[in-house]
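Asks: Got a structure here, written out as structure tokens. Questions coming.
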Amino acid sequence: MYRLVTHTGLRQVPRSIANNAGRPAALATPRFVQPIDIRTIMSSSSGVKVSDRIKHDHAELEHQYNNIIAAKDDDTKVRWQNQFIWELARHSIAEEIVVYPAFEKFVPNGKQMADKDRAEHQKVKNLLYEFQKMTPSNSDFRPTLDNLWAALSKHIKEEEREDLPALEQHIDEAYSGKLASSFNTTKHFVPTQSHPSAPDKPPYETAAGLLATPLDKLMDMFKKFPKEDTKA
């Protein structure tokens, strides 16, 4: 089950959240309450392959998409919409900064693979940019979401079936774990909204992200997000 609250957008913390009793609702901070500890972030992917980390994100995105569709009221839809946007924006940029350069470096024909994935990301970013400006009352809300998910789910299937196995085949387990840690770390320092006109390759993407991230996180402070208390 999920209880719905707001958050500040500073950093993600474990599912057990500090008690916010007595605090104004607008200032509640269920998911983002602690300062960032780089050592904790760097070790959080220990023993996890980069493909596992990415697949976990994919499953979370599908879960959030389904919750938008299943929401019984506009307030709940908006909360899950915000969560979906927040997760997808961070995931996409972290892949472009960390994972796609690894395709190019280690996988035969990895440059073509990375370019294909960046092109698919661009389509998703364009749709996400339109979706993040919409409210549930907009007649294009559901069609835009469905178009977005159709493009994203196609990309996810190809990535999980072809791209990630190819990468894992050409790197060892230790290096895969390092990529997983780097991917997880990067997600904490990139924009949380879609910026489709920004570069999609480092170092220019990294520089653009550093400029956009503070404003995105400031905007997050005034948005409503779902909080997961227990699994259904």
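FYI, nothing fancy with the structure tokens labels: chains A, B, ... in order, residues from 1 per chain, ligands from 1 as they appear.
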At a cut-off of 9 Å, using only C-alpha atoms, what residues contact Asp57 (chain A)? Leave out same-chain residues fewer than 4 positions from it and give the result as a ChimeraX atom specification.

Replies: /A:52-53,61-62,87-88,91

Asks: Would you write out those residues with N, CA, C and O atoms, as a short mmCIF file (atom, residue, chain, number, x, y, z; two decimals), in the first residue's frame?

Replies:
data_model
loop_
_atom_site.label_atom_id
_atom_site.label_comp_id
_atom_site.auth_asym_id
_atom_site.auth_seq_id
_atom_site.Cartn_x
_atom_site.Cartn_y
_atom_site.Cartn_z
N ASP A 52 21.80 -5.51 -13.68
CA ASP A 52 20.80 -5.68 -12.63
C ASP A 52 20.28 -4.33 -12.14
O ASP A 52 19.08 -4.16 -11.90
N ARG A 53 21.19 -3.37 -11.98
CA ARG A 53 20.80 -2.04 -11.53
C ARG A 53 19.85 -1.39 -12.53
O ARG A 53 18.84 -0.80 -12.16
N LEU A 61 10.03 1.85 -13.19
CA LEU A 61 9.33 2.71 -14.14
C LEU A 61 8.01 2.09 -14.59
O LEU A 61 7.00 2.78 -14.70
N GLU A 62 8.03 0.79 -14.84
CA GLU A 62 6.78 0.12 -15.23
C GLU A 62 5.77 0.17 -14.09
O GLU A 62 4.56 0.38 -14.32
N GLU A 87 12.12 9.69 -11.95
CA GLU A 87 12.93 8.49 -12.12
C GLU A 87 13.42 8.34 -13.55
O GLU A 87 14.60 8.02 -13.79
N LEU A 88 12.56 8.58 -14.54
CA LEU A 88 12.94 8.38 -15.93
C LEU A 88 14.01 9.39 -16.37
O LEU A 88 14.95 9.03 -17.09
N HIS A 91 17.35 8.29 -14.75
CA HIS A 91 17.79 7.02 -15.32
C HIS A 91 18.39 7.22 -16.71
O HIS A 91 19.47 6.70 -17.02
#

Asks: Going by DSSP on the backbone, which residues of region 65-224 of chain A come out as alpha helix (DSSP H)? List them as JSON, numbers by chain.

Replies: {"A": [65, 66, 67, 68, 69, 70, 74, 75, 76, 77, 78, 79, 80, 81, 82, 83, 84, 85, 86, 87, 88, 89, 90, 91, 92, 93, 94, 100, 101, 102, 103, 104, 105, 106, 110, 111, 112, 113, 114, 115, 116, 117, 118, 119, 120, 121, 122, 123, 124, 125, 126, 127, 128, 129, 130, 131, 141, 142, 143, 144, 145, 146, 147, 148, 149, 150, 151, 152, 153, 154, 155, 156, 157, 158, 164, 165, 166, 167, 168, 169, 173, 174, 175, 176, 177, 178, 179, 180, 181, 182, 183, 184, 185, 186, 204, 205, 206, 207, 208, 209, 210, 211, 212, 213, 214, 215, 216, 217, 218, 219, 220]}

Asks: Quick one: contact table of region 124-145 of chain A to region 68-82 of chain A, 10 Å max, nearest atom pair and distance in Å to one decimal per residue, counting only C-alpha atoms, chain and number order, as a tab-separated table?

Replies:
residue	atom	partner	partner_atom	distance
A:Phe131	CA	A:Gln81	CA	8.7
A:Gln132	CA	A:Asn82	CA	7.7
A:Met134	CA	A:Val78	CA	9.4
A:Thr135	CA	A:Val78	CA	7.1
A:Pro136	CA	A:Asp74	CA	6.0
A:Ser137	CA	A:Asp74	CA	7.8
A:Arg142	CA	A:Ile69	CA	8.1
A:Leu145	CA	A:Ile69	CA	9.1

Asks: Store the residues picked out above, limited to N, CA, C and O atoms, as an mmCIF file, in the first residue's frame.

Replies:
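Generated output (part_4.cif):
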data_model
loop_
_atom_site.group_PDB
_atom_site.id
_atom_site.type_symbol
_atom_site.label_atom_id
_atom_site.label_comp_id
_atom_site.auth_asym_id
_atom_site.auth_seq_id
_atom_site.Cartn_x
_atom_site.Cartn_y
_atom_site.Cartn_z
ATOM 1 N N PHE A 131 4.862 15.450 -21.623
ATOM 2 C CA PHE A 131 4.069 14.854 -20.548
ATOM 3 C C PHE A 131 4.262 15.596 -19.228
ATOM 4 O O PHE A 131 3.299 15.783 -18.471
ATOM 5 N N GLN A 132 5.468 16.064 -18.950
ATOM 6 C CA GLN A 132 5.715 16.705 -17.658
ATOM 7 C C GLN A 132 5.041 18.074 -17.547
ATOM 8 O O GLN A 132 4.910 18.625 -16.450
ATOM 9 N N MET A 134 1.861 18.451 -18.495
ATOM 10 C CA MET A 134 0.427 18.181 -18.507
ATOM 11 C C MET A 134 -0.124 17.875 -17.124
ATOM 12 O O MET A 134 0.593 17.397 -16.246
ATOM 13 N N THR A 135 -1.402 18.134 -16.981
ATOM 14 C CA THR A 135 -2.153 17.702 -15.807
ATOM 15 C C THR A 135 -3.142 16.625 -16.243
ATOM 16 O O THR A 135 -3.462 16.514 -17.433
ATOM 17 N N PRO A 136 -3.649 15.832 -15.302
ATOM 18 C CA PRO A 136 -4.596 14.778 -15.668
ATOM 19 C C PRO A 136 -5.848 15.273 -16.375
ATOM 20 O O PRO A 136 -6.499 14.509 -17.100
ATOM 21 N N SER A 137 -6.199 16.533 -16.188
ATOM 22 C CA SER A 137 -7.390 17.073 -16.849
ATOM 23 C C SER A 137 -7.175 17.353 -18.329
ATOM 24 O O SER A 137 -8.139 17.555 -19.077
ATOM 25 N N ARG A 142 -3.474 11.047 -21.153
ATOM 26 C CA ARG A 142 -3.361 9.603 -21.309
ATOM 27 C C ARG A 142 -2.729 9.215 -22.653
ATOM 28 O O ARG A 142 -1.833 8.344 -22.674
ATOM 29 N N LEU A 145 0.994 9.812 -22.388
ATOM 30 C CA LEU A 145 1.593 8.811 -21.512
ATOM 31 C C LEU A 145 1.717 7.467 -22.226
ATOM 32 O O LEU A 145 2.753 6.802 -22.134
#

Asks: Find the spatial neighbours of Ser176 (chain A), counting only C-alpha atoms, within a cut-off of 12 Å - ignore same-chain residues fewer than 5 positions away - and output them as a list in words.

Replies: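 Near neighbours after the sequence-gap exclusion: Ser45, Ser46, Gly47, Val48, Lys49, Val50, Ser51, Asp52, Arg53, Ile54, Val98, Val99, Ala102, Phe103, Phe106, Leu164, Pro165, Leu167, Glu168, Gln169, His170, Ile171, Ser181, Ser182 and Phe183 of chain A.
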
Asks: Rounded to one decimal place, report the CA of Asp220 (chain A)-CA of Ala59 (chain A) distance in Å.

Replies: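 For CA of Asp220 (chain A) relative to CA of Ala59 (chain A), the distance reads 22.6 Å.
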
Asks: One number please: CA of Ser197 (chain A) to CA of Ala151 (chain A), in Å, one decimal.

Replies: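 These two atoms are separated by 18.4 Å.
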
Asks: CA of Pro214 (chain A) and CA of His121 (chain A), how far apart in Å?

Replies: 22.3 Å

Asks: Counting only C-alpha atoms, which residue out of A:Trp86, A:Ala119, A:Thr213, A:Lys55 sits closest to Phe225 (chain A)?

Replies: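 Counting only C-alpha atoms, the residue closest to Phe225 (chain A) is A:Trp86.
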